[in-house]
Each structure stands twice: as C-alpha cells, then as structure tokens.
file input33.txt (compact mmCIF, C-alpha atoms)
# COMPACT_ATOMS: atom_id res chain seq x y z
CA MET N 1 4.92 -17.47 -11.60
CA LEU N 2 1.20 -17.79 -10.90
CA ASN N 3 0.14 -20.77 -8.84
CA LYS N 4 -2.69 -23.11 -9.81
CA ARG N 5 -5.23 -21.49 -7.47
CA VAL N 6 -4.56 -18.02 -8.93
CA LYS N 7 -4.77 -19.32 -12.51
CA ILE N 8 -8.13 -20.98 -11.83
CA TYR N 9 -9.52 -17.86 -10.17
CA ILE N 10 -8.35 -15.57 -12.99
CA SER N 11 -9.78 -17.99 -15.58
CA ILE N 12 -13.19 -18.05 -13.86
CA ILE N 13 -13.41 -14.25 -13.68
CA ILE N 14 -12.32 -13.89 -17.32
CA ALA N 15 -14.87 -16.48 -18.49
CA LEU N 16 -17.71 -14.83 -16.57
CA GLY N 17 -16.64 -11.35 -17.63
CA LEU N 18 -16.33 -12.14 -21.32
CA PHE N 19 -19.70 -13.89 -21.28
CA PHE N 20 -21.29 -10.78 -19.72
CA ILE N 21 -19.58 -8.51 -22.25
CA GLU N 22 -20.85 -10.64 -25.14
CA TYR N 23 -24.35 -10.69 -23.64
CA SER N 24 -24.20 -6.92 -23.20
CA MET N 25 -23.21 -6.40 -26.85
CA LEU N 26 -26.25 -8.41 -27.93
CA ASN N 27 -28.55 -6.31 -25.74
CA VAL N 28 -27.35 -2.84 -26.68
CA PRO N 29 -29.40 -0.96 -29.31
CA THR N 30 -27.44 0.30 -32.30
CA ASN N 31 -28.33 3.92 -31.57
CA ARG N 32 -26.22 3.68 -28.38
CA ILE N 33 -22.96 2.78 -30.15
CA VAL N 34 -21.78 6.39 -30.53
CA ASP N 35 -22.54 7.11 -26.86
CA ILE N 36 -20.65 3.99 -25.79
CA ILE N 37 -17.60 5.01 -27.85
CA LEU N 38 -17.64 8.59 -26.54
CA PHE N 39 -18.13 7.59 -22.91
CA GLY N 40 -15.53 4.82 -23.38
CA PHE N 41 -13.07 7.49 -24.48
CA PHE N 42 -13.74 9.56 -21.35
CA ALA N 43 -13.46 6.42 -19.19
CA ALA N 44 -10.10 5.56 -20.78
CA LEU N 45 -8.94 9.14 -20.27
CA ALA N 46 -9.92 8.97 -16.59
CA GLU N 47 -8.16 5.60 -16.15
CA SER N 48 -5.05 7.12 -17.75
CA MET N 49 -4.98 10.05 -15.32
CA PRO N 50 -4.89 8.43 -11.87
CA ILE N 51 -4.62 10.52 -8.74
CA TYR N 52 -1.65 9.39 -6.65
CA ILE N 53 -2.44 8.64 -3.02
CA SER N 54 1.08 7.29 -2.38
CA LYS N 55 4.03 6.27 -4.50
CA GLU N 56 2.40 2.94 -5.40
CA ILE N 57 -1.31 3.54 -4.79
CA THR N 58 -3.56 5.44 -7.17
CA VAL N 59 -7.25 6.29 -7.40
CA SER N 60 -9.05 6.65 -10.71
CA VAL N 61 -12.10 8.86 -11.17
CA ALA N 62 -13.25 6.36 -13.79
CA PHE N 63 -15.50 4.98 -11.03
CA ALA N 64 -17.59 8.14 -11.40
CA ILE N 65 -17.63 7.84 -15.21
CA ASP N 66 -18.69 4.16 -15.05
CA LEU N 67 -21.42 4.94 -12.53
CA MET N 68 -22.65 7.74 -14.79
CA ALA N 69 -22.80 5.31 -17.73
CA VAL N 70 -24.99 2.93 -15.74
CA LEU N 71 -27.34 5.64 -14.47
CA ILE N 72 -27.65 7.33 -17.87
CA PHE N 73 -27.64 4.43 -20.36
CA GLY N 74 -28.20 1.17 -18.43
CA PRO N 75 -26.28 -1.89 -17.17
CA TYR N 76 -25.15 -3.33 -20.51
CA GLU N 77 -23.96 -0.03 -21.94
CA GLY N 78 -22.23 0.69 -18.61
CA ALA N 79 -20.40 -2.64 -18.69
CA LEU N 80 -19.11 -2.02 -22.23
CA ILE N 81 -18.03 1.56 -21.42
CA ALA N 82 -16.15 0.40 -18.33
CA ALA N 83 -14.45 -2.39 -20.31
CA ILE N 84 -13.35 0.10 -22.98
CA GLY N 85 -11.99 2.43 -20.30
CA ILE N 86 -9.86 -0.31 -18.72
CA GLY N 87 -8.79 -1.85 -22.02
CA PHE N 88 -7.58 1.36 -23.64
CA GLN N 89 -6.03 3.13 -20.69
CA ILE N 90 -2.46 4.34 -21.12
CA GLY N 91 0.02 4.37 -18.24
CA LYS N 92 3.73 4.20 -17.50
CA TYR N 93 6.06 1.49 -16.29
CA MET N 94 8.58 2.26 -13.54
CA ASP N 95 11.31 2.69 -16.18
CA GLY N 96 9.29 5.39 -17.96
CA ARG N 97 8.06 3.25 -20.87
CA VAL N 98 4.47 3.82 -21.95
CA ARG N 99 2.12 0.97 -21.00
CA HIS N 100 -0.88 0.15 -23.18
CA ILE N 101 -3.04 -2.78 -24.22
CA PHE N 102 -0.48 -4.03 -26.75
CA ASN N 103 2.48 -4.35 -24.36
CA PHE N 104 0.64 -5.34 -21.17
CA PRO N 105 0.27 -9.07 -20.25
CA TYR N 106 -2.87 -10.29 -21.98
CA TYR N 107 -4.22 -12.22 -18.97
CA LYS N 108 -3.97 -9.10 -16.78
CA THR N 109 -5.82 -7.04 -19.38
CA LEU N 110 -8.54 -9.69 -19.74
CA PHE N 111 -8.91 -10.02 -15.96
CA ASN N 112 -9.16 -6.25 -15.47
CA ILE N 113 -11.68 -5.87 -18.28
CA SER N 114 -13.75 -8.82 -17.07
CA GLN N 115 -13.91 -7.86 -13.42
CA ILE N 116 -14.87 -4.25 -14.17
CA ALA N 117 -17.55 -5.32 -16.68
CA LEU N 118 -19.06 -7.70 -14.11
CA SER N 119 -18.93 -5.14 -11.29
CA VAL N 120 -20.41 -2.28 -13.32
CA GLY N 121 -22.96 -4.44 -15.12
CA ILE N 122 -24.31 -6.07 -11.96
CA GLY N 123 -24.40 -2.67 -10.25
CA GLY N 124 -26.45 -1.43 -13.21
CA LEU N 125 -28.85 -4.37 -12.95
CA ILE N 126 -29.37 -3.54 -9.28
CA TYR N 127 -30.23 0.03 -10.28
CA LYS N 128 -32.70 -1.18 -12.87
CA TYR N 129 -34.42 -3.82 -10.73
CA THR N 130 -34.77 -1.58 -7.68
CA GLY N 131 -36.82 0.91 -9.65
CA GLY N 132 -34.16 3.10 -11.26
CA ILE N 133 -34.79 4.21 -14.84
CA PRO N 134 -31.62 4.91 -16.88
CA GLY N 135 -31.65 8.37 -18.44
CA ASN N 136 -34.27 9.80 -16.04
CA TYR N 137 -33.62 12.33 -13.32
CA ILE N 138 -32.20 10.57 -10.29
CA TYR N 139 -33.15 12.97 -7.52
CA PRO N 140 -35.28 12.38 -5.56
CA LYS N 141 -37.21 9.36 -6.87
CA HIS N 142 -34.29 7.12 -7.91
CA LEU N 143 -31.62 8.32 -5.49
CA LEU N 144 -31.75 5.22 -3.25
CA SER N 145 -31.47 2.94 -6.29
CA ALA N 146 -28.45 4.92 -7.51
CA ILE N 147 -26.76 4.62 -4.11
CA LEU N 148 -27.42 0.85 -4.06
CA ALA N 149 -25.95 0.53 -7.56
CA ALA N 150 -22.82 2.41 -6.49
CA ILE N 151 -22.43 0.22 -3.38
CA VAL N 152 -22.83 -3.03 -5.33
CA TYR N 153 -20.38 -1.83 -8.00
CA TYR N 154 -17.82 -0.88 -5.34
CA PHE N 155 -18.35 -4.06 -3.30
CA LEU N 156 -17.96 -6.42 -6.28
CA ASN N 157 -14.99 -4.53 -7.72
CA THR N 158 -13.24 -4.47 -4.34
CA SER N 159 -14.04 -8.09 -3.47
CA ILE N 160 -12.87 -9.53 -6.80
CA VAL N 161 -9.55 -7.67 -6.53
CA ALA N 162 -9.20 -8.44 -2.80
CA ILE N 163 -9.61 -12.19 -3.39
CA LEU N 164 -6.90 -12.06 -6.05
CA LEU N 165 -4.58 -10.13 -3.72
CA SER N 166 -5.27 -12.66 -0.97
CA PHE N 167 -4.25 -15.51 -3.27
CA LEU N 168 -1.16 -13.70 -4.56
CA THR N 169 0.15 -12.56 -1.16
CA ASN N 170 -1.05 -15.52 0.97
CA LYS N 171 -2.73 -13.06 3.31
CA SER N 172 -6.21 -13.68 4.65
CA LEU N 173 -9.08 -12.03 2.78
CA THR N 174 -10.07 -10.28 6.00
CA TYR N 175 -6.60 -8.75 6.30
CA VAL N 176 -6.60 -7.55 2.70
CA LEU N 177 -10.04 -5.98 3.03
CA THR N 178 -9.44 -4.33 6.41
CA LYS N 179 -5.79 -3.28 6.11
CA GLU N 180 -4.98 -2.82 2.44
CA ILE N 181 -8.28 -1.76 0.85
CA LYS N 182 -10.10 -0.05 3.74
CA TRP N 183 -8.41 3.26 2.87
CA MET N 184 -10.41 3.34 -0.40
CA ILE N 185 -13.80 3.89 1.29
CA PRO N 186 -13.56 7.72 1.55
CA ASN N 187 -12.59 7.84 -2.13
CA PHE N 188 -15.56 5.64 -3.00
CA LEU N 189 -17.94 7.97 -1.15
CA PHE N 190 -16.56 11.00 -2.96
CA LEU N 191 -16.61 9.37 -6.40
CA ALA N 192 -20.11 7.92 -5.90
CA PHE N 193 -21.38 11.38 -4.99
CA LEU N 194 -19.56 12.84 -8.00
CA GLY N 195 -21.00 10.18 -10.34
CA ILE N 196 -24.59 10.78 -9.20
CA VAL N 197 -24.28 14.57 -9.40
CA MET N 198 -22.65 14.41 -12.84
CA SER N 199 -25.37 12.03 -14.05
CA GLU N 200 -27.97 14.64 -13.14
CA ALA N 201 -25.90 17.27 -14.91
CA PHE N 202 -25.53 15.12 -18.04
CA ILE N 203 -29.25 14.44 -18.26
CA ARG N 204 -29.83 18.20 -18.11
CA ILE N 205 -27.01 19.61 -20.30
CA GLY N 206 -25.42 16.64 -22.10
CA TYR N 207 -21.74 16.07 -22.87
CA VAL N 208 -20.69 19.52 -21.65
CA SER N 209 -20.98 18.08 -18.13
CA LEU N 210 -18.11 15.67 -18.86
CA ILE N 211 -15.87 18.56 -19.85
CA LEU N 212 -16.78 20.30 -16.60
CA LEU N 213 -15.81 17.10 -14.75
CA PHE N 214 -12.32 16.97 -16.23
CA ILE N 215 -11.43 20.59 -15.45
CA PRO N 216 -11.38 20.02 -11.65
CA LEU N 217 -9.81 16.60 -12.26
CA PHE N 218 -6.80 18.18 -13.94
CA MET N 219 -6.47 20.64 -11.07
CA ILE N 220 -6.72 17.94 -8.38
CA ARG N 221 -4.25 15.72 -10.21
CA TYR N 222 -1.78 18.59 -10.54
CA MET N 223 -1.99 19.37 -6.82
CA PHE N 224 -1.50 15.72 -5.90
CA LYS N 225 1.49 15.53 -8.23
CA LEU N 226 3.08 18.49 -6.46
CA TYR N 227 2.40 16.77 -3.12
CA MET N 228 3.88 13.46 -4.31
CA ASP N 229 6.97 15.19 -5.72
CA SER N 230 7.47 16.87 -2.35
CA LYS N 231 6.99 13.56 -0.55
CA GLN N 232 9.44 11.82 -2.89
CA SER N 233 12.06 14.47 -2.10
CA TYR N 234 11.49 13.68 1.58
CA TYR N 235 12.13 9.96 1.00
CA ASP N 236 15.15 10.70 -1.18
CA THR N 237 16.64 12.72 1.68
CA ILE N 238 16.10 9.80 4.07
CA ASN N 239 17.77 7.38 1.65
CA VAL N 240 20.76 9.72 1.31
CA LEU N 241 21.17 9.72 5.09
CA VAL N 242 20.96 5.91 5.18
CA LYS N 243 23.56 5.60 2.42
CA ALA N 244 25.84 8.01 4.28
CA LEU N 245 25.56 5.83 7.39
CA ASP N 246 26.21 2.65 5.39
CA ALA N 247 29.33 4.23 3.90
CA LYS N 248 30.56 5.19 7.38
CA ASP N 249 29.83 1.85 9.08
CA LYS N 250 30.98 -0.87 6.67
CA TYR N 251 30.03 -3.70 9.03
CA THR N 252 26.34 -2.80 9.07
CA ALA N 253 25.85 -1.83 5.41
CA GLY N 254 22.32 -2.77 4.40
CA HIS N 255 21.30 -3.31 8.03
CA SER N 256 18.75 -0.46 8.10
CA LYS N 257 16.95 -1.80 5.02
CA ASN N 258 16.66 -5.23 6.63
CA VAL N 259 15.39 -3.74 9.89
CA GLU N 260 12.78 -1.84 7.87
CA LYS N 261 11.64 -5.07 6.20
CA ILE N 262 11.30 -6.99 9.48
CA ALA N 263 9.64 -4.07 11.27
CA ALA N 264 6.99 -3.88 8.53
CA LEU N 265 6.18 -7.56 9.05
CA LEU N 266 5.75 -6.99 12.78
CA CYS N 267 3.56 -3.95 12.14
CA ARG N 268 1.31 -6.18 10.05
CA GLU N 269 0.83 -8.54 13.00
CA PHE N 270 -0.23 -5.64 15.19
CA GLY N 271 -2.71 -4.46 12.56
CA PHE N 272 -1.12 -1.07 12.01
CA SER N 273 -2.60 1.08 9.26
CA GLU N 274 -0.55 1.71 6.12
CA SER N 275 0.31 5.26 7.23
CA HIS N 276 1.34 4.04 10.71
CA THR N 277 3.46 1.27 9.20
CA GLU N 278 5.04 3.75 6.81
CA MET N 279 6.18 5.93 9.73
CA VAL N 280 7.64 2.88 11.53
CA ARG N 281 9.51 1.98 8.34
CA ILE N 282 10.98 5.46 8.17
CA ALA N 283 12.05 5.18 11.83
CA SER N 284 13.59 1.78 10.99
CA LEU N 285 15.69 3.29 8.22
CA LEU N 286 16.86 6.05 10.57
CA HIS N 287 17.18 4.07 13.80
CA ASP N 288 21.00 4.16 13.72
CA ILE N 289 21.35 7.68 12.31
CA GLY N 290 23.01 8.77 15.55
CA LYS N 291 26.05 6.69 14.58
CA ILE N 292 26.93 9.42 12.10
CA GLY N 293 28.30 11.25 15.14
CA VAL N 294 30.49 8.30 16.22
CA LYS N 295 34.14 8.09 15.13
CA GLU N 296 34.82 5.61 12.32
CA GLU N 297 37.67 3.95 14.18
CA VAL N 298 35.16 2.98 16.88
CA LEU N 299 32.42 1.89 14.45
CA ASN N 300 34.79 -0.15 12.29
CA LYS N 301 37.03 -1.57 15.01
CA PRO N 302 37.62 -5.24 14.09
CA GLY N 303 37.98 -6.49 17.65
CA LYS N 304 36.07 -6.23 20.90
CA LEU N 305 35.24 -2.70 22.07
CA THR N 306 36.62 -1.28 25.29
CA ASP N 307 34.21 -0.06 27.98
CA GLU N 308 34.88 3.54 26.90
CA GLU N 309 34.25 2.73 23.24
CA LEU N 310 31.08 0.86 24.14
CA SER N 311 29.79 3.86 26.09
CA ILE N 312 30.41 6.02 23.00
CA ILE N 313 28.41 3.59 20.84
CA LYS N 314 25.60 3.65 23.40
CA GLU N 315 25.18 7.38 22.81
CA HIS N 316 23.82 6.84 19.28
CA PRO N 317 20.08 6.50 20.22
CA GLN N 318 20.19 9.84 22.04
CA LYS N 319 22.14 11.45 19.21
CA GLY N 320 19.65 10.06 16.69
CA TYR N 321 16.81 11.55 18.70
CA GLU N 322 18.54 14.94 18.77
CA ILE N 323 19.07 14.84 15.01
CA LEU N 324 15.43 13.97 14.22
CA ARG N 325 13.36 15.67 16.91
CA ASP N 326 13.33 19.11 15.28
CA VAL N 327 11.86 17.74 12.05
CA PRO N 328 8.06 18.12 12.51
CA ALA N 329 7.21 15.02 10.44
CA LEU N 330 9.68 12.91 12.45
CA LYS N 331 8.97 14.20 15.95
CA GLU N 332 7.15 11.04 17.06
CA ALA N 333 9.53 8.72 15.20
CA SER N 334 12.48 10.38 16.95
CA LEU N 335 11.25 8.95 20.26
CA TRP N 336 11.06 5.47 18.78
CA VAL N 337 14.65 5.88 17.59
CA LYS N 338 15.70 7.08 21.04
CA TYR N 339 14.17 4.07 22.81
CA HIS N 340 15.04 1.26 20.41
CA HIS N 341 17.75 -0.04 22.79
CA GLU N 342 15.57 -0.01 25.90
CA TRP N 343 14.81 -3.40 27.49
CA TYR N 344 11.49 -4.65 28.78
CA ASP N 345 13.01 -5.26 32.23
CA GLY N 346 14.47 -1.73 32.39
CA SER N 347 18.14 -2.65 31.87
CA GLY N 348 18.48 -0.96 28.49
CA TYR N 349 19.62 2.51 27.51
CA PRO N 350 19.62 5.54 27.27
CA ASP N 351 16.91 6.18 29.90
CA GLY N 352 16.40 2.74 31.47
CA ILE N 353 12.63 2.81 31.01
CA LYS N 354 10.74 -0.49 31.15
CA GLY N 355 7.52 -2.33 30.34
CA ASP N 356 4.80 -0.33 28.66
CA GLU N 357 6.82 2.86 29.14
CA ILE N 358 8.63 1.77 25.99
CA PRO N 359 6.53 2.72 22.91
CA LEU N 360 5.35 -0.33 20.97
CA GLU N 361 6.97 1.10 17.84
CA ALA N 362 10.32 1.27 19.64
CA GLN N 363 9.88 -2.35 20.74
CA ILE N 364 9.30 -3.31 17.10
CA LEU N 365 12.48 -1.50 16.05
CA SER N 366 14.37 -3.18 18.88
CA LEU N 367 13.43 -6.73 17.94
CA ALA N 368 13.95 -6.13 14.21
CA ASP N 369 17.34 -4.56 14.97
CA VAL N 370 18.50 -7.44 17.17
CA PHE N 371 17.31 -10.18 14.82
CA ASP N 372 19.07 -8.73 11.79
CA ALA N 373 22.23 -8.14 13.85
CA LEU N 374 22.19 -11.81 14.91
CA VAL N 375 21.92 -13.14 11.34
CA SER N 376 24.67 -10.77 10.11
CA ASP N 377 28.44 -11.18 10.27
CA ARG N 378 30.14 -8.97 12.83
CA PRO N 379 33.87 -8.27 13.28
CA TYR N 380 33.85 -10.26 16.54
CA ARG N 381 31.68 -13.24 15.40
CA LYS N 382 30.12 -15.00 12.43
CA ALA N 383 26.40 -14.72 11.69
CA PHE N 384 23.97 -17.01 13.47
CA SER N 385 21.56 -19.09 11.41
CA GLN N 386 17.92 -18.00 11.25
CA GLU N 387 16.88 -20.79 13.59
CA GLU N 388 19.62 -19.94 16.09
CA ALA N 389 18.67 -16.25 16.01
CA TYR N 390 15.00 -17.18 16.45
CA LYS N 391 15.78 -19.20 19.59
CA ILE N 392 17.99 -16.44 21.02
CA ILE N 393 15.17 -13.92 20.59
CA LEU N 394 12.68 -16.21 22.33
CA GLU N 395 15.10 -16.78 25.22
CA HIS N 396 14.97 -13.06 25.95
CA GLU N 397 11.20 -12.88 26.46
CA GLY N 398 10.44 -11.03 29.65
CA THR N 399 13.91 -9.51 29.86
CA GLN N 400 14.83 -7.73 26.64
CA PHE N 401 11.49 -8.20 24.88
CA SER N 402 7.86 -8.02 26.02
CA PRO N 403 5.58 -11.07 25.67
CA LYS N 404 3.37 -9.24 23.15
CA ILE N 405 6.28 -8.41 20.85
CA ILE N 406 7.55 -12.00 21.09
CA ASN N 407 4.08 -13.30 20.22
CA ALA N 408 3.93 -11.06 17.13
CA PHE N 409 7.46 -12.12 16.19
CA LYS N 410 6.54 -15.82 16.33
CA LYS N 411 3.58 -15.31 14.02
CA ALA N 412 5.49 -13.12 11.58
CA PHE N 413 8.45 -15.50 11.47
CA GLU N 414 6.29 -18.54 10.76
CA LYS N 415 4.37 -16.76 8.00
CA ASN N 416 7.31 -14.96 6.36
CA ARG N 417 10.44 -16.98 7.13
CA GLU N 418 12.08 -16.05 3.82
CA GLU N 419 11.59 -12.34 4.48
CA PHE N 420 13.69 -12.56 7.63
CA LYS N 421 16.84 -13.37 5.67
CA HIS N 422 19.64 -10.81 5.81
CA ASP N 423 20.10 -9.06 2.46
CA ILE N 424 23.22 -6.99 1.87

call {"tool": "encode", "arguments": {"input": "input33.txt", "output": "structure tokens"}}
result
Amino acid sequence: MLNKRVKIYISIIIALGLFFIEYSMLNVPTNRIVDIILFGFFAALAESMPIYISKEITVSVAFAIDLMAVLIFGPYEGALIAAIGIGFQIGKYMDGRVRHIFNFPYYKTLFNISQIALSVGIGGLIYKYTGGIPGNYIYPKHLLSAILAAIVYYFLNTSIVAILLSFLTNKSLTYVLTKEIKWMIPNFLFLAFLGIVMSEAFIRIGYVSLILLFIPLFMIRYMFKLYMDSKQSYYDTINVLVKALDAKDKYTAGHSKNVEKIAALLCREFGFSESHTEMVRIASLLHDIGKIGVKEEVLNKPGKLTDEELSIIKEHPQKGYEILRDVPALKEASLWVKYHHEWYDGSGYPDGIKGDEIPLEAQILSLADVFDALVSDRPYRKAFSQEEAYKIILEHEGTQFSPKIINAFKKAFEKNREEFKHDI
C-alpha cells in the first residue's frame, strides 16, 4: 500500500508530465505525426527488449532512441516519442504472463510516461536553448549542446526515479543515488554516445540507421541472455546445496536464508557495492556448507553435545572452505566461510586469528549467523526474543565482535527491525 507521501509525489509528477505532453501535442506540426508514430514504435520496441544486467536489473537502449528524437525533431516531438515508447512497451511478469498497458497498474503507467516525457522534453529544451538546431548535423557545432541535453535527460530521469525509490524504501536519497543507481553511469555514457552517433547517421541516411541500430542490439541482448542463463544456473546450484544442507540439519532449516538477509543489511551500512554485497550474500548462503560432511546424528542430536561431538562440529568452517576454494568464482568467499567463527579477541576457530586479521566480510557473516541462531529454537534451548538477542550481541563487543561491526549492527537493527525476524 502506498503511503501518503508517495501518493502525493506520484500525483505531482503525473500532473506535470501530462501537462507537458498536452503542451507538446499543441506545439507539434502535423507533418511530424508520421515520424512521431514511427519513432514511437522503435522506442517501444527498444523498451520491450531490455538488456539484463542482473536478474532484476535491466537497461533499455530506448535512452538512445529518445535522445535521437530530441536531436532530430525537437523537444516536444521527443517527449511524445518517449511517452509512446514507455506506454506501449511489452514485457513479462515473473510468472511468464505478458505485461502491457492494459494489464499494468494505471498509476505506474502514468508515472512512467510522465517522468520520461518531462526528462526528455526538458533535455530537448536545453539542446534548443544552448544553440542546438534539431535536424541539423551535430558534429562539431552542436556537439556540446547535444551532450548537455543527454546529461539533463539522464539527471532528471534518474533523480525522479531515485526520489520515488527513496520514499518507497525509506532509504536516504544519497544512498539510492550512490549505491543503487551509480552503476547506471557507464550505460548512460555508452547510450548517449550511441544516440548522438545514430542521430548523425539518421540525418544523413534516414530510417535505415534505425535498422542498423537494432541489428547489434539483438546480438548484444542474445549474448547477455546467454550470460544470465549461465549465471542463473550458478545460483540454482547454490540453492540446491542450501536445500541439501537444510534437509540434513533439521534444526537449522531456513537459517542460511536468514543469515543472507541480515548480512545484506550489514553490507548496506558499510556501503558495499551491489556486486560486493551479492558475493557476501552467496557466502552467507554457503557459510555452513561444511556441515554436509558432519554426521546427522551429531547435527540433529536433541541434547547437549559432548566435547568430541563439539570438536567435530567445529570442523565445518574448514570443511566449507575446502569445498568452495577450488571454485574460481568462490575463492574469496571461501575464506569468509572459513573465518566466520573467528572471534575479535582471537578465541575463535579454526585458526584463532583476531582483530583486523579477520576479513570484514567474515565478521558480517559471524554476526548475522549468531543473531539468527539466538532468535531461533535450538534442541537445547528456546529462541531468545529480538531484544534479548540484540543485548547479547552488544555484550560481546570487543570479545566476539569488533566495535565497527557492532556499530553497523546497531544502525541496521534500528532501521530494519522487522527484517531481523527469523523466517523458517
């Protein structure tokens, strides 16, 4: 359910966007209607063929198409073309159903159309009022104006979406811009270059240039799809290993998923990049993989473990390291798995290292592991409450946990208390 602040923000953007679209329609000459429809078709096609950067993140080359529209036809035509591209894109839901304008929430469609029309249109006005002449050769006379138009378009588009994400996630705007959208800058540079080059090509040879644009697009998209399929197989393999461990150790079923969730929150406090956080999450899922080599009668013993049984359990970080270290993509994560039971004061295992000798990522796994264990039922005790577990963690500052990891834990816990609940 959208809160009041989000509703007001969405309403403002929609009102401004629709006003600009209406104004644009009144200022477009009738002889441009066919061009707007044709370019709108190509924009919709580009929006419907995103390039996958990760499982959930995509990049659309429609930025290049929209920039071309502005540089070739002008700000008002560009705004209408961009709005058509967003409005008539076709995608897929997670369940495989086709998503289009008629089965997508109307307020989302209106917001998307409005924000893109504003971003593209204002970018086009910047081009026009800094000396750029739509339809004329860009290089060299109007190159600076074209670059400014691309920057303004990107900045407005990014800022409008970032503000919405900030409201929806309760994260600061600075965090959203620096941690969750920063990765888009290289894509912007590439697409801005592509848009300017293709504009020059269009002015010289016409619509054939758009066909030439989509040939490499299909090839790039196909290669990325192969990459994402390979990456998905990698994640599927990890999940199979986690399920195998859950089936073997009935008392800690679901534990790895909860450790992953808490570890990700701690990574956020340390300002890790998305790729860095992703690797920590993978290590979180696999942190107890060494228990696969431990006998079930020891893992599932209902009472207190003997000293011999406890020593067997303590072998699992080393065994996990040995399982993972020969996988090139997991070589670094294997060390984090190995050291996730080390203590800040050096009294942990398997190597008894201390202080900054323990990788920060391993410290994150350690705290996430301990917290979720405390709020979970165990054969020898009932689960502690969240508040009790929180206090126990803080009591171990300087012994089991470093001051910096405790500081990050305090901040994460206060901001995301609900996320620290144990889910089975």

call {"tool": "atom_distance", "arguments": {"input": "input33.txt", "atom1": "atom CA of Leu210 of chain N", "atom2": "atom CA of Phe39 of chain N"}}
result
9.0 Å

call {"tool": "closest_residue", "arguments": {"input": "input33.txt", "among": "N:Glu419, N:Glu332, N:Asp35, N:Glu22", "to": "Gly206 of chain N", "atoms": "only C-alpha atoms"}}
result
N:Asp35

call {"tool": "closest_residue", "arguments": {"input": "input33.txt", "among": "N:Arg281, N:Lys291, N:Arg99, N:Lys92", "to": "Ile313 of chain N", "atoms": "all atoms listed in the file"}}
result
N:Lys291

call {"tool": "closest_residue", "arguments": {"input": "input33.txt", "among": "N:Ile203, N:Ala146, N:Ile160, N:Ile292", "to": "Phe111 of chain N", "atoms": "all atoms listed in the file"}}
result
N:Ile160

call {"tool": "closest_residue", "arguments": {"input": "input33.txt", "among": "N:Ala62, N:His287, N:Gly352, N:Lys319", "to": "His340 of chain N", "atoms": "all atoms listed in the file"}}
result
N:His287

call {"tool": "residues_around", "arguments": {"input": "input33.txt", "residues": "Val176 of chain N", "least_positions_apart": "4", "cutoff": "12 Å", "atoms": "only C-alpha atoms", "output": "ChimeraX atom specification"}}
result
/N:158-172,180-184,268,271,273-274

call {"tool": "residues_around", "arguments": {"input": "input33.txt", "residues": "Leu144 of chain N", "least_positions_apart": "6", "cutoff": "12 Å", "atoms": "only C-alpha atoms", "output": "VMD selection string"}}
result
chain N and resid 126 to 128 130 to 132 138 150 to 151 196

call {"tool": "closest_residue", "arguments": {"input": "input33.txt", "among": "N:Lys304, N:His341, N:Lys261, N:Lys108", "to": "Leu2 of chain N", "atoms": "only C-alpha atoms"}}
result
N:Lys108

call {"tool": "build_atoms", "arguments": {"input": "input33.txt", "residues": "segment 398-412 of chain N", "atoms": "N, CA, C and O atoms", "output": "short mmCIF file (atom, residue, chain, number, x, y, z; two decimals), in the coordinates of the input"}}
result
data_model
loop_
_atom_site.label_atom_id
_atom_site.label_comp_id
_atom_site.auth_asym_id
_atom_site.auth_seq_id
_atom_site.Cartn_x
_atom_site.Cartn_y
_atom_site.Cartn_z
N GLY N 398 10.58 -11.43 28.26
CA GLY N 398 10.44 -11.03 29.65
C GLY N 398 11.63 -10.26 30.18
O GLY N 398 11.55 -9.63 31.24
N THR N 399 12.74 -10.29 29.46
CA THR N 399 13.91 -9.51 29.86
C THR N 399 14.13 -8.38 28.85
O THR N 399 13.84 -7.23 29.12
N GLN N 400 14.62 -8.76 27.66
CA GLN N 400 14.83 -7.73 26.64
C GLN N 400 13.55 -7.39 25.90
O GLN N 400 13.33 -6.24 25.52
N PHE N 401 12.69 -8.40 25.70
CA PHE N 401 11.49 -8.20 24.88
C PHE N 401 10.22 -8.54 25.66
O PHE N 401 10.20 -9.45 26.47
N SER N 402 9.15 -7.79 25.36
CA SER N 402 7.86 -8.02 26.02
C SER N 402 7.18 -9.26 25.44
O SER N 402 7.44 -9.63 24.28
N PRO N 403 6.31 -9.90 26.20
CA PRO N 403 5.58 -11.07 25.67
C PRO N 403 4.79 -10.76 24.41
O PRO N 403 4.71 -11.58 23.50
N LYS N 404 4.19 -9.55 24.33
CA LYS N 404 3.37 -9.24 23.15
C LYS N 404 4.21 -9.08 21.89
O LYS N 404 3.78 -9.47 20.80
N ILE N 405 5.43 -8.55 22.03
CA ILE N 405 6.28 -8.41 20.85
C ILE N 405 6.84 -9.76 20.42
O ILE N 405 7.00 -10.05 19.23
N ILE N 406 7.09 -10.64 21.39
CA ILE N 406 7.55 -12.00 21.09
C ILE N 406 6.45 -12.77 20.38
O ILE N 406 6.70 -13.51 19.42
N ASN N 407 5.22 -12.61 20.84
CA ASN N 407 4.08 -13.30 20.22
C ASN N 407 3.91 -12.87 18.76
O ASN N 407 3.70 -13.70 17.87
N ALA N 408 4.03 -11.57 18.51
CA ALA N 408 3.93 -11.06 17.13
C ALA N 408 5.09 -11.57 16.29
O ALA N 408 4.91 -11.91 15.11
N PHE N 409 6.28 -11.64 16.89
CA PHE N 409 7.46 -12.12 16.19
C PHE N 409 7.29 -13.58 15.76
O PHE N 409 7.62 -13.95 14.63
N LYS N 410 6.76 -14.41 16.66
CA LYS N 410 6.54 -15.82 16.33
C LYS N 410 5.64 -15.96 15.12
O LYS N 410 5.92 -16.73 14.19
N LYS N 411 4.53 -15.23 15.13
CA LYS N 411 3.58 -15.31 14.02
C LYS N 411 4.19 -14.82 12.72
O LYS N 411 4.04 -15.45 11.67
N ALA N 412 4.89 -13.68 12.79
CA ALA N 412 5.49 -13.12 11.58
C ALA N 412 6.57 -14.03 11.02
O ALA N 412 6.68 -14.21 9.80
#
